[in-house]
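> Have a look at the structure that comes next, please.
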Number of protein chains: 2
Amino acid sequence: MQLSQPQLDAFERDGYVFVPGLFSASEIRLLRAEVDRLVALDREEILRDETGELRAALAMERYSEPFARLVRHPRLVQPAWQILGGAVYDHQYKIVAKEPFGRLDFPWHQDFASWHAYDGMPEPRAMNYAVFLDDVSEFNGPISFIPGSHRAGMIDGADAPLPGGKSPLYTLGPDTVAGLVQAGGLVAPKGAAGSAVFFHGCMAHASGPNISPWTRYIVYLTANRVDNHIRKPTRPDFYANRDFTPLEPLADDCLHDLAARHAAA
Amino acid sequence: MQLSQPQLDAFERDGYVFVPGLFSASEIRLLRAEVDRLVALDREEILRDETGELRAALAMERYSEPFARLVRHPRLVQPAWQILGGAVYDHQYKIVAKEPFGRLDFPWHQDFASWHAYDGMPEPRAMNYAVFLDDVSEFNGPISFIPGSHRAGMIDGADAPLPGGKSPLYTLGPDTVAGLVQAGGLVAPKGAAGSAVFFHGCMAHASGPNISPWTRYIVYLTANRVDNHIRKPTRPDFYANRDFTPLEPLADDCLHDLAARHAAA
């Protein structure tokens, strides 16, 4: 799967591209069932809030075969190569869990500022993709983007701790966000499980809490161009990977294949 | 202005009816400018958070001519009479202010439970209307409803304090909300300033924070049927009015008239 030229142009102009239905219902079923298994694991990469509720799982390629495949899925790796113009590696790979009626939200921030400050990433030649493991609606805390905000590059911002996490955010002040929104507006891509969104490392984004009775689990990969590998990591390696091996795409049916094997077992 | 029979049927079935564009741009301009004046007042009815930011203004009919007219506006009083089947009075009248990038949100709750417990309101023969003083979008914390949830009547719920306020909420537990949503789904009426929504006192509703750079000011009136007047108020009268005089509708141009006078002055 390759992004089309209009999609690549949209990414360059807006800083993101939304691809509804990138993964099939059966592929998502496999991944979603795997999350239910991961939730029960007791590992340092599995983060919980003070009540014990799942907040995130990191570096799932270490302990999950389905997610180890997903990180090298051609429908994700090839677009990342196209967007960044070269081979990419897995800088950070995670599932962010917004549980029903949950308080987890994120103020306006840019990711690259954190990668630069905490991990020593030289340039914003990195991007994220998000794969929806659940339907994302206006009610369960979708990510909001300010289209075109990535073109401002890295913006000086205050540093605020992420509630309960080890991964501080570089938040953007009200006047900065107001100016960016005046220029670019706001969008919140929403859609069925299996949809994906690719977005730039300098994209200003935020999200509110999940007020619905439905989970909102999303897988994120930060893909970094191999020649832009991090120089001075200060965080544990499951936040900032030290293995800069290029992601080699698997076959397009790599998840189907696993689902079939599971079904047969 | 009268609600049509289909609108009345929708209210009975869904517990709410949304009326886009009930007030004109010039009427809203008058009210919005008045809010900017009220913000500066130092009165017990004006509530602020710990940073001094406006959270709400109550009982505005006491100190604001435009809002004293709005509370008796025929486009609001007549529908309230129709819905409740008799003369109504002003039980609680307020502006709820969601400032840009604000934290103000409301968990799932029913209003009638509070009116019953704190004010001694006998029956759920009261309703709310909301008039949008700003455009309401998915980004600035719209109210979410569970259609049909009013038909459950008053649901036993835990009592949680409203952050920083004197007006406790009867919140609904996760299992209760999940069951109601499974039956009725979720909706969040959104639209331009001047739109209005009428909703039942037993409607389950919630709202998230305003993550946008735009204000979200909404006027709310709780209209109670006169023969259902409160019996045992425990809150200050600007939360629970003791004057049960029926609201008599003014002329339809009552705000225009005032706007013209202001423009001439």
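Residue names in the structure tokens use chain letters A, B, ... in the order shown, residue numbers from 1 in each chain, and ligand numbers from 1 in the order shown.
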Can you check which parts of chain A lie within 7 Å of chain B? Per residue, the shortest pair of atoms and distance in Å to one decimal, counting only C-alpha atoms, sorted by chain and number, as a Markdown table.

| residue | atom | partner | partner_atom | distance |
| --- | --- | --- | --- | --- |
| A:Glu138 | CA | B:Glu138 | CA | 6.6 |
| A:Ala178 | CA | B:Pro213 | CA | 5.3 |
| A:Gly208 | CA | B:Pro209 | CA | 6.7 |
| A:Pro209 | CA | B:Gly208 | CA | 6.7 |
| A:Ile211 | CA | B:Gly208 | CA | 6.9 |
| A:Pro213 | CA | B:Ala178 | CA | 5.3 |
> Contacts of Gly194 in chain A at 8 Å or less, counting only C-alpha atoms, minus same-chain residues fewer than 5 places along, as a PyMOL selection string?
chain A and resi 20-25+27-28+131-134
> Just all heavy atoms for this one: save the residues we selected as a PDB file, in the first residue's frame.

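For reference, part37.pdb as written:
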ATOM      1  N   PRO A  20      -9.357   6.086   6.277  1.00  0.00           N
ATOM      2  CA  PRO A  20     -10.393   5.230   6.876  1.00  0.00           C
ATOM      3  C   PRO A  20     -10.234   3.780   6.407  1.00  0.00           C
ATOM      4  O   PRO A  20      -9.823   3.537   5.260  1.00  0.00           O
ATOM      5  CB  PRO A  20     -11.704   5.813   6.319  1.00  0.00           C
ATOM      6  CG  PRO A  20     -11.358   7.156   5.763  1.00  0.00           C
ATOM      7  CD  PRO A  20      -9.914   7.094   5.362  1.00  0.00           C
ATOM      8  N   GLY A  21     -10.518   2.847   7.284  1.00  0.00           N
ATOM      9  CA  GLY A  21     -10.570   1.435   6.892  1.00  0.00           C
ATOM     10  C   GLY A  21      -9.255   0.856   6.386  1.00  0.00           C
ATOM     11  O   GLY A  21      -9.265  -0.021   5.526  1.00  0.00           O
ATOM     12  N   LEU A  22      -8.136   1.302   6.924  1.00  0.00           N
ATOM     13  CA  LEU A  22      -6.838   0.769   6.456  1.00  0.00           C
ATOM     14  C   LEU A  22      -6.687  -0.701   6.848  1.00  0.00           C
ATOM     15  O   LEU A  22      -6.077  -1.482   6.132  1.00  0.00           O
ATOM     16  CB  LEU A  22      -5.692   1.602   7.030  1.00  0.00           C
ATOM     17  CG  LEU A  22      -4.289   1.257   6.535  1.00  0.00           C
ATOM     18  CD1 LEU A  22      -4.166   1.467   5.022  1.00  0.00           C
ATOM     19  CD2 LEU A  22      -3.226   2.087   7.260  1.00  0.00           C
ATOM     20  N   PHE A  23      -7.246  -1.064   7.987  1.00  0.00           N
ATOM     21  CA  PHE A  23      -7.215  -2.471   8.410  1.00  0.00           C
ATOM     22  C   PHE A  23      -8.638  -3.014   8.460  1.00  0.00           C
ATOM     23  O   PHE A  23      -9.592  -2.291   8.750  1.00  0.00           O
ATOM     24  CB  PHE A  23      -6.519  -2.618   9.770  1.00  0.00           C
ATOM     25  CG  PHE A  23      -5.050  -2.344   9.668  1.00  0.00           C
ATOM     26  CD1 PHE A  23      -4.562  -1.057   9.840  1.00  0.00           C
ATOM     27  CD2 PHE A  23      -4.160  -3.360   9.334  1.00  0.00           C
ATOM     28  CE1 PHE A  23      -3.205  -0.788   9.697  1.00  0.00           C
ATOM     29  CE2 PHE A  23      -2.809  -3.095   9.187  1.00  0.00           C
ATOM     30  CZ  PHE A  23      -2.331  -1.809   9.368  1.00  0.00           C
ATOM     31  N   SER A  24      -8.730  -4.303   8.181  1.00  0.00           N
ATOM     32  CA  SER A  24     -10.045  -4.949   8.099  1.00  0.00           C
ATOM     33  C   SER A  24     -10.576  -5.286   9.487  1.00  0.00           C
ATOM     34  O   SER A  24      -9.828  -5.307  10.478  1.00  0.00           O
ATOM     35  CB  SER A  24      -9.932  -6.241   7.287  1.00  0.00           C
ATOM     36  OG  SER A  24      -9.231  -7.213   8.042  1.00  0.00           O
ATOM     37  N   ALA A  25     -11.840  -5.601   9.535  1.00  0.00           N
ATOM     38  CA  ALA A  25     -12.473  -5.978  10.803  1.00  0.00           C
ATOM     39  C   ALA A  25     -11.784  -7.197  11.423  1.00  0.00           C
ATOM     40  O   ALA A  25     -11.577  -7.259  12.636  1.00  0.00           O
ATOM     41  CB  ALA A  25     -13.958  -6.249  10.587  1.00  0.00           C
ATOM     42  N   GLU A  27      -8.630  -8.205  11.010  1.00  0.00           N
ATOM     43  CA  GLU A  27      -7.307  -7.805  11.514  1.00  0.00           C
ATOM     44  C   GLU A  27      -7.439  -7.073  12.849  1.00  0.00           C
ATOM     45  O   GLU A  27      -6.661  -7.316  13.783  1.00  0.00           O
ATOM     46  CB  GLU A  27      -6.599  -6.917  10.475  1.00  0.00           C
ATOM     47  CG  GLU A  27      -6.158  -7.704   9.239  1.00  0.00           C
ATOM     48  CD  GLU A  27      -5.678  -6.817   8.094  1.00  0.00           C
ATOM     49  OE1 GLU A  27      -6.243  -5.710   7.905  1.00  0.00           O
ATOM     50  OE2 GLU A  27      -4.750  -7.233   7.382  1.00  0.00           O
ATOM     51  N   ILE A  28      -8.425  -6.194  12.936  1.00  0.00           N
ATOM     52  CA  ILE A  28      -8.620  -5.441  14.177  1.00  0.00           C
ATOM     53  C   ILE A  28      -9.076  -6.366  15.301  1.00  0.00           C
ATOM     54  O   ILE A  28      -8.647  -6.222  16.453  1.00  0.00           O
ATOM     55  CB  ILE A  28      -9.616  -4.283  13.952  1.00  0.00           C
ATOM     56  CG1 ILE A  28      -8.995  -3.236  13.016  1.00  0.00           C
ATOM     57  CG2 ILE A  28     -10.060  -3.648  15.266  1.00  0.00           C
ATOM     58  CD1 ILE A  28      -7.722  -2.572  13.539  1.00  0.00           C
ATOM     59  N   VAL A 131      -3.304   3.896  14.673  1.00  0.00           N
ATOM     60  CA  VAL A 131      -4.288   2.934  14.149  1.00  0.00           C
ATOM     61  C   VAL A 131      -5.374   2.778  15.202  1.00  0.00           C
ATOM     62  O   VAL A 131      -5.086   2.473  16.366  1.00  0.00           O
ATOM     63  CB  VAL A 131      -3.650   1.557  13.853  1.00  0.00           C
ATOM     64  CG1 VAL A 131      -4.714   0.565  13.381  1.00  0.00           C
ATOM     65  CG2 VAL A 131      -2.537   1.689  12.815  1.00  0.00           C
ATOM     66  N   PHE A 132      -6.615   3.030  14.803  1.00  0.00           N
ATOM     67  CA  PHE A 132      -7.742   2.938  15.742  1.00  0.00           C
ATOM     68  C   PHE A 132      -8.069   1.467  16.003  1.00  0.00           C
ATOM     69  O   PHE A 132      -8.449   0.751  15.074  1.00  0.00           O
ATOM     70  CB  PHE A 132      -8.996   3.606  15.179  1.00  0.00           C
ATOM     71  CG  PHE A 132      -8.884   5.083  14.874  1.00  0.00           C
ATOM     72  CD1 PHE A 132      -9.950   5.743  14.265  1.00  0.00           C
ATOM     73  CD2 PHE A 132      -7.766   5.831  15.196  1.00  0.00           C
ATOM     74  CE1 PHE A 132      -9.889   7.099  13.982  1.00  0.00           C
ATOM     75  CE2 PHE A 132      -7.685   7.192  14.914  1.00  0.00           C
ATOM     76  CZ  PHE A 132      -8.758   7.825  14.295  1.00  0.00           C
ATOM     77  N   LEU A 133      -7.970   1.048  17.255  1.00  0.00           N
ATOM     78  CA  LEU A 133      -8.381  -0.320  17.616  1.00  0.00           C
ATOM     79  C   LEU A 133      -9.851  -0.361  18.031  1.00  0.00           C
ATOM     80  O   LEU A 133     -10.428  -1.439  18.175  1.00  0.00           O
ATOM     81  CB  LEU A 133      -7.505  -0.861  18.741  1.00  0.00           C
ATOM     82  CG  LEU A 133      -6.016  -0.997  18.407  1.00  0.00           C
ATOM     83  CD1 LEU A 133      -5.266  -1.558  19.615  1.00  0.00           C
ATOM     84  CD2 LEU A 133      -5.798  -1.878  17.181  1.00  0.00           C
ATOM     85  N   ASP A 134     -10.420   0.806  18.267  1.00  0.00           N
ATOM     86  CA  ASP A 134     -11.846   0.935  18.575  1.00  0.00           C
ATOM     87  C   ASP A 134     -12.408   2.009  17.646  1.00  0.00           C
ATOM     88  O   ASP A 134     -11.658   2.839  17.130  1.00  0.00           O
ATOM     89  CB  ASP A 134     -12.050   1.415  20.027  1.00  0.00           C
ATOM     90  CG  ASP A 134     -11.610   0.391  21.054  1.00  0.00           C
ATOM     91  OD1 ASP A 134     -12.092  -0.757  20.971  1.00  0.00           O
ATOM     92  OD2 ASP A 134     -10.803   0.740  21.926  1.00  0.00           O
TER      93      ASP A 134
END
> Could you pull out the helix (DSSP H, G or I) residues of range 123-254 of chain B from DSSP and send them as a VMD selection string?
chain B and resid 149 to 152 174 to 184 226 to 228 254
> Taking 5 positions as the minimum chain separation for residues in the same chain, which residues sit within 9 Å of Leu58 in chain B when counting only C-alpha atoms? Answer as a ChimeraX atom specification.
/B:44-47,92-96,238-239
> Export N, CA and C atoms of the chosen residues as a PDB file, in the first residue's frame?

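As written to disk, out.pdb reads:
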ATOM      1  N   GLU B  44     -22.279  38.096  44.604  1.00  0.00           N
ATOM      2  CA  GLU B  44     -22.256  36.707  45.079  1.00  0.00           C
ATOM      3  C   GLU B  44     -22.789  35.735  44.029  1.00  0.00           C
ATOM      4  N   GLU B  45     -23.597  36.246  43.089  1.00  0.00           N
ATOM      5  CA  GLU B  45     -24.157  35.373  42.044  1.00  0.00           C
ATOM      6  C   GLU B  45     -23.159  35.085  40.914  1.00  0.00           C
ATOM      7  N   ILE B  46     -22.013  35.750  40.950  1.00  0.00           N
ATOM      8  CA  ILE B  46     -20.997  35.544  39.905  1.00  0.00           C
ATOM      9  C   ILE B  46     -19.931  34.616  40.474  1.00  0.00           C
ATOM     10  N   LEU B  47     -19.822  33.424  39.908  1.00  0.00           N
ATOM     11  CA  LEU B  47     -18.910  32.422  40.456  1.00  0.00           C
ATOM     12  C   LEU B  47     -17.638  32.352  39.621  1.00  0.00           C
ATOM     13  N   GLN B  92     -34.172  28.234  38.326  1.00  0.00           N
ATOM     14  CA  GLN B  92     -32.740  28.574  38.352  1.00  0.00           C
ATOM     15  C   GLN B  92     -32.369  29.112  36.982  1.00  0.00           C
ATOM     16  N   TYR B  93     -31.636  30.198  36.965  1.00  0.00           N
ATOM     17  CA  TYR B  93     -31.314  30.888  35.715  1.00  0.00           C
ATOM     18  C   TYR B  93     -29.833  31.198  35.765  1.00  0.00           C
ATOM     19  N   LYS B  94     -29.097  30.754  34.765  1.00  0.00           N
ATOM     20  CA  LYS B  94     -27.646  30.933  34.871  1.00  0.00           C
ATOM     21  C   LYS B  94     -26.968  30.972  33.509  1.00  0.00           C
ATOM     22  N   ILE B  95     -25.756  31.495  33.518  1.00  0.00           N
ATOM     23  CA  ILE B  95     -24.859  31.385  32.367  1.00  0.00           C
ATOM     24  C   ILE B  95     -23.715  30.485  32.819  1.00  0.00           C
ATOM     25  N   VAL B  96     -23.457  29.427  32.082  1.00  0.00           N
ATOM     26  CA  VAL B  96     -22.295  28.579  32.376  1.00  0.00           C
ATOM     27  C   VAL B  96     -21.201  28.948  31.380  1.00  0.00           C
ATOM     28  N   PHE B 238     -30.423  32.348  44.857  1.00  0.00           N
ATOM     29  CA  PHE B 238     -29.997  32.494  43.466  1.00  0.00           C
ATOM     30  C   PHE B 238     -29.689  31.130  42.829  1.00  0.00           C
ATOM     31  N   TYR B 239     -29.661  30.064  43.636  1.00  0.00           N
ATOM     32  CA  TYR B 239     -29.613  28.696  43.100  1.00  0.00           C
ATOM     33  C   TYR B 239     -31.010  28.092  42.986  1.00  0.00           C
TER      34      TYR B 239
END
> Taking the DSSP assignment computed from this structure's backbone, write out as a PyMOL selection string all residues of range 27-199 of chain A that belong to strand (DSSP E or B).
chain A and resi 46-48+54-58+88-98+106-110+126-132+136+143-145+158-160+169-171+187+191+196-199
> Quote the spacing between CA of Pro236 in chain B and CA of Asp90 in chain B in Å to one decimal place.
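For CA of Pro236 in chain B relative to CA of Asp90 in chain B, the distance reads 14.4 Å.
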> Figure out the distance between CA of Arg261 in chain B and CA of Tyr220 in chain B, please, to one decimal in Å.
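Calculated distance between CA of Tyr220 in chain B and CA of Arg261 in chain B is 25.4 Å.
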> What's the separation between CA of Met60 in chain A and CA of Asp237 in chain A, in Å to one decimal place?
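Result for CA of Met60 in chain A versus CA of Asp237 in chain A: 12.3 Å, one decimal.
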> May I have the residues within 12 Å of Ala130 in chain B as a PyMOL selection string, using only C-alpha atoms and disregarding those fewer than 3 positions away in the same chain?
chain B and resi 16-20+22-23+70-71+76+80+93-96+127+133-134+136+142-143+189-190+193-200+216-223
> Extract, using only C-alpha atoms, all DNA, RNA and protein residues at most 12 Å from Ala68 in chain B, discarding same-chain residues fewer than 3 positions from it, and format them as a count of residues only.
24
> For Gly85 in chain A, list every protein, DNA or RNA residue within 10 Å, evaluated using only C-alpha atoms, and leave out those in the same chain fewer than 4 positions away; present the list as an MDAnalysis selection string.
chainID A and resid 79:81 125 225
> Could you write those residues out with C-alpha atoms, as a PDB file, in the first residue's frame?

ATOM      1  CA  PRO A  79       3.684   5.304   3.859  1.00  0.00           C
ATOM      2  CA  ALA A  80       6.254   6.207   6.530  1.00  0.00           C
ATOM      3  CA  TRP A  81       9.074   5.651   4.014  1.00  0.00           C
ATOM      4  CA  ARG A 125      12.288  13.866  10.338  1.00  0.00           C
ATOM      5  CA  ARG A 225      14.270   8.231   9.676  1.00  0.00           C
TER       6      ARG A 225
END
